[in-house]
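Chemist: Take a look at model_15.txt, compact mmCIF, C-alpha atoms:
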```txt
# COMPACT_ATOMS: atom_id res chain seq x y z
CA MET R 145 -11.89 177.83 209.77
CA ASP R 146 -9.17 178.58 207.22
CA ARG R 147 -9.59 181.52 204.99
CA PRO R 148 -9.46 180.56 201.26
CA GLU R 149 -6.50 182.83 200.56
CA SER R 150 -4.37 181.02 203.18
CA ARG R 151 -4.51 177.78 201.17
CA CYS R 152 -3.29 179.35 197.93
CA PRO R 153 0.37 179.34 197.03
CA PRO R 154 2.18 182.63 197.50
CA PRO R 155 2.13 184.89 194.45
CA GLY R 156 4.85 184.02 191.96
CA SER R 157 5.51 180.49 193.27
CA LEU R 158 3.56 178.91 190.40
CA ARG R 159 5.61 180.95 187.94
CA LEU R 160 8.83 179.79 189.65
CA PHE R 161 7.66 176.14 189.53
CA VAL R 162 6.82 176.37 185.81
CA LEU R 163 10.18 178.03 185.09
CA ALA R 164 12.05 175.27 186.98
CA CYS R 165 10.13 172.59 185.04
CA LEU R 166 10.95 174.28 181.73
CA LEU R 167 14.65 174.50 182.63
CA ILE R 168 14.76 170.80 183.55
CA LEU R 169 12.90 169.81 180.37
CA THR R 170 15.25 171.96 178.25
CA ALA R 171 18.30 170.33 179.86
CA ILE R 172 16.91 166.84 179.25
CA LEU R 173 16.08 167.59 175.61
CA THR R 174 19.40 169.25 174.77
CA CYS R 175 21.86 166.96 176.57
CA PRO R 176 21.96 163.44 175.03
CA MET R 177 23.50 161.76 178.09
CA LEU R 178 21.00 163.39 180.43
CA ARG R 179 18.18 162.35 178.08
CA LEU R 180 19.44 158.73 178.13
CA TRP R 181 19.78 158.79 181.91
CA PHE R 182 16.26 160.20 182.31
CA HIS R 183 14.80 157.62 179.91
CA SER R 184 16.70 154.85 181.70
CA SER R 185 15.42 156.03 185.08
CA LEU R 186 11.80 156.17 183.92
CA THR R 187 11.80 152.87 182.04
CA ARG R 188 14.27 151.06 184.36
CA SER R 189 16.17 150.01 181.23
CA TYR R 190 19.90 149.89 180.54
CA VAL R 191 21.74 152.74 178.87
CA SER R 192 24.26 151.30 176.43
CA GLY R 193 27.84 152.18 177.34
CA THR R 194 27.27 152.70 181.06
CA TYR R 195 29.54 149.75 181.79
CA SER R 196 32.72 148.60 180.08
CA ILE R 197 35.00 145.60 179.88
CA VAL R 198 38.67 146.51 180.28
CA PHE R 199 41.40 144.21 178.94
CA VAL R 200 44.78 144.10 180.69
CA ASN R 201 47.63 141.65 180.07
CA CYS R 202 49.91 140.64 182.96
CA PRO R 203 53.26 138.80 182.81
CA ASN R 204 52.25 136.00 185.21
CA GLU R 205 49.39 134.67 187.31
CA GLN R 206 50.60 136.08 190.65
CA ILE R 207 50.82 139.62 189.30
CA ALA R 208 47.41 139.16 187.64
CA ARG R 209 45.88 138.11 190.98
CA ASP R 210 47.57 140.97 192.84
CA VAL R 211 46.38 143.52 190.27
CA ALA R 212 42.84 142.07 190.28
CA ARG R 213 42.60 142.22 194.09
CA ALA R 214 43.90 145.79 194.19
CA ILE R 215 41.39 146.89 191.54
CA LEU R 216 38.54 145.33 193.51
CA ASP R 217 39.79 146.75 196.83
CA LYS R 218 39.85 150.24 195.32
CA LYS R 219 36.29 149.77 193.93
CA LEU R 220 37.58 150.42 190.41
CA ALA R 221 35.71 147.32 189.22
CA ALA R 222 33.12 144.83 190.42
CA SER R 223 34.51 141.70 188.80
CA VAL R 224 37.75 140.49 187.24
CA ASN R 225 38.22 137.31 185.24
CA ILE R 226 41.75 135.91 185.07
CA LEU R 227 42.18 133.99 181.84
CA PRO R 228 45.09 131.56 181.78
CA LYS R 229 48.16 131.74 179.61
CA THR R 230 47.75 133.41 176.27
CA SER R 231 50.42 133.55 173.62
CA SER R 232 51.20 137.10 172.58
CA LEU R 233 53.11 138.33 169.56
CA TYR R 234 53.79 142.05 169.32
CA PHE R 235 56.21 144.71 168.15
CA TRP R 236 58.45 146.08 170.90
CA LYS R 237 61.24 148.55 170.12
CA GLY R 238 61.25 147.59 166.45
CA GLU R 239 61.39 143.82 166.98
CA ILE R 240 58.74 141.12 166.96
CA GLU R 241 58.48 139.69 170.45
CA GLU R 242 56.69 136.58 171.68
CA SER R 243 55.63 135.89 175.26
CA THR R 244 53.09 134.16 177.44
CA GLU R 245 50.75 136.46 179.35
CA ILE R 246 47.70 136.28 181.59
CA LEU R 247 44.63 138.23 180.43
CA LEU R 248 42.39 140.13 182.84
CA LEU R 249 38.80 140.91 181.83
CA ILE R 250 37.73 143.70 184.15
CA LYS R 251 34.06 144.68 184.42
CA THR R 252 33.57 148.27 185.51
CA LYS R 253 31.60 151.45 184.99
CA THR R 254 32.67 153.37 181.92
CA SER R 255 33.10 156.43 184.14
CA LYS R 256 35.84 154.56 186.07
CA VAL R 257 37.92 153.47 183.04
CA SER R 258 40.13 156.56 183.16
CA ARG R 259 40.95 156.09 186.86
CA LEU R 260 41.54 152.38 186.26
CA SER R 261 43.93 153.18 183.42
CA THR R 262 45.82 155.68 185.58
CA TYR R 263 46.11 153.12 188.37
CA MET R 264 47.40 150.50 185.92
CA ARG R 265 50.16 152.86 184.73
CA LEU R 266 51.32 153.19 188.33
CA ALA R 267 50.92 149.59 189.54
CA HIS R 268 51.61 147.45 186.47
CA PRO R 269 55.12 146.06 185.91
CA PHE R 270 55.07 146.62 182.12
CA GLU R 271 56.64 149.84 180.87
CA ILE R 272 53.52 150.38 178.75
CA PRO R 273 50.70 148.25 180.13
CA GLU R 274 48.03 147.09 177.71
CA VAL R 275 44.85 148.74 178.93
CA PHE R 276 41.87 149.21 176.64
CA SER R 277 38.14 148.99 177.03
CA ILE R 278 35.00 148.27 175.09
CA PRO R 279 31.57 149.47 176.21
CA MET R 280 28.92 146.90 177.08
CA ASP R 281 26.04 147.25 174.66
CA GLN R 282 23.57 144.91 176.37
CA GLY R 283 23.42 142.88 179.56
CA ASP R 284 21.16 141.17 182.03
CA ALA R 285 19.57 143.85 184.22
CA ARG R 286 20.17 141.88 187.43
CA TYR R 287 23.86 141.40 186.57
CA LEU R 288 24.28 145.10 185.78
CA ARG R 289 22.68 146.05 189.11
CA TRP R 290 25.08 143.62 190.79
CA LEU R 291 28.01 145.35 189.04
CA GLU R 292 26.74 148.69 190.30
CA GLU R 293 26.47 147.41 193.87
CA GLY R 294 30.00 145.97 193.73
CA MET R 295 31.52 149.36 192.97
CA LYS R 296 29.66 151.48 195.51
CA GLU R 297 31.99 153.51 197.67
CA ASN R 298 31.55 153.00 201.40
```
Step by step, read the file and then write its structure as structure tokens.

Modeler:
Amino acid sequence: MDRPESRCPPPGSLRLFVLACLLILTAILTCPMLRLWFHSSLTRSYVSGTYSIVFVNCPNEQIARDVARAILDKKLAASVNILPKTSSLYFWKGEIEESTEILLLIKTKTSKVSRLSTYMRLAHPFEIPEVFSIPMDQGDARYLRWLEEGMKEN
């Protein structure tokens, strides 16, 4: 038969547990992103801004396809739409220029936008590639889970 004292936690372990809980609660309450993540985890809801759409213009369809494949291969995005010829007017070196470009709509995690932008500076043929993003405010939960799965590192 067990003695009653053998089933009790060691002295001080309850105090350590309470202290750890207080530290976690303090971190959740004081850090907005951690609070959103915690709420999202508990409610299984989407945290606005977790994913972004990145816009990139390419000079032609072949380069657009090559860039899109490389982005997907590197797990920098889960999906890329290639939109056909768009007419672009812009200032370049003090002159108004006009050209036809191909637009990429890249769906990715907001946390990967910086790495995606760095990659575009290295791989893109334009001297200054157009790379900008907007955060996704809402989205279908199943689609967002699919995006997440598509970017998981092996």

Chemist: What is the distance, in Å and to one decimal place, between atom CA of R:Glu274 and atom CA of R:Asn201?

Modeler: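 Pair atom CA of R:Glu274 / atom CA of R:Asn201 returns 5.9 Å.
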
Chemist: Extract, using all atoms listed in the file, all DNA, RNA and protein residues at most 6 Å from R:Lys253, discarding same-chain residues fewer than 4 positions from it, and format them as a VMD selection string.

Modeler: chain R and resid 194 to 196

Chemist: Counting all atoms listed in the file, which of R:Leu169, R:Ala212, R:Cys202, R:Leu220 gets nearest to R:Glu297?

Modeler: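 Using all atoms listed in the file, R:Glu297 sits closest to R:Leu220.
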
Chemist: Could you tell me how far atom CA of R:Glu239 lies from atom CA of R:Phe270, in Å and to one decimal?

Modeler: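 Straight-line distance from atom CA of R:Glu239 to atom CA of R:Phe270 works out to 16.6 Å.
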
Chemist: At most 9 Å from (38.0, 145.1, 181.0), file frame, only C-alpha atoms: which residues, as a CSV table (one decimal) with C-alpha atoms, in the coordinates of the input?

Modeler:
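Final output, out26.csv:
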```csv
chain,number,residue,atom,x,y,z
R,196,SER,CA,32.7,148.6,180.1
R,197,ILE,CA,35.0,145.6,179.9
R,198,VAL,CA,38.7,146.5,180.3
R,199,PHE,CA,41.4,144.2,178.9
R,200,VAL,CA,44.8,144.1,180.7
R,221,ALA,CA,35.7,147.3,189.2
R,224,VAL,CA,37.8,140.5,187.2
R,225,ASN,CA,38.2,137.3,185.2
R,248,LEU,CA,42.4,140.1,182.8
R,249,LEU,CA,38.8,140.9,181.8
R,250,ILE,CA,37.7,143.7,184.2
R,251,LYS,CA,34.1,144.7,184.4
R,252,THR,CA,33.6,148.3,185.5
R,257,VAL,CA,37.9,153.5,183.0
R,275,VAL,CA,44.8,148.7,178.9
R,276,PHE,CA,41.9,149.2,176.6
R,277,SER,CA,38.1,149.0,177.0
R,278,ILE,CA,35.0,148.3,175.1
```

Chemist: Between atom CA of R:Pro279 and atom CA of R:Thr254, what distance in Å does the model show, to one decimal?

Modeler: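 Those two atoms sit 7.0 Å apart.
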
Chemist: Which of these, R:Ser231, R:Asn204, R:Thr170, R:Ser255, has the shortest distance to R:His268 once you count only C-alpha atoms?

Modeler: R:Asn204

Chemist: Have a look at R:Asp210, R:Phe161, R:Pro203, R:Pro269 and name the one nearest to R:Glu242; count only C-alpha atoms.

Modeler: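 Once distances to R:Glu242 are computed over only C-alpha atoms, the minimum belongs to R:Pro203.
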
Chemist: Using all atoms listed in the file, which residue out of R:Ala222, R:Val162, R:Leu227, R:Val211 lies closest to R:Glu293?

Modeler: R:Ala222
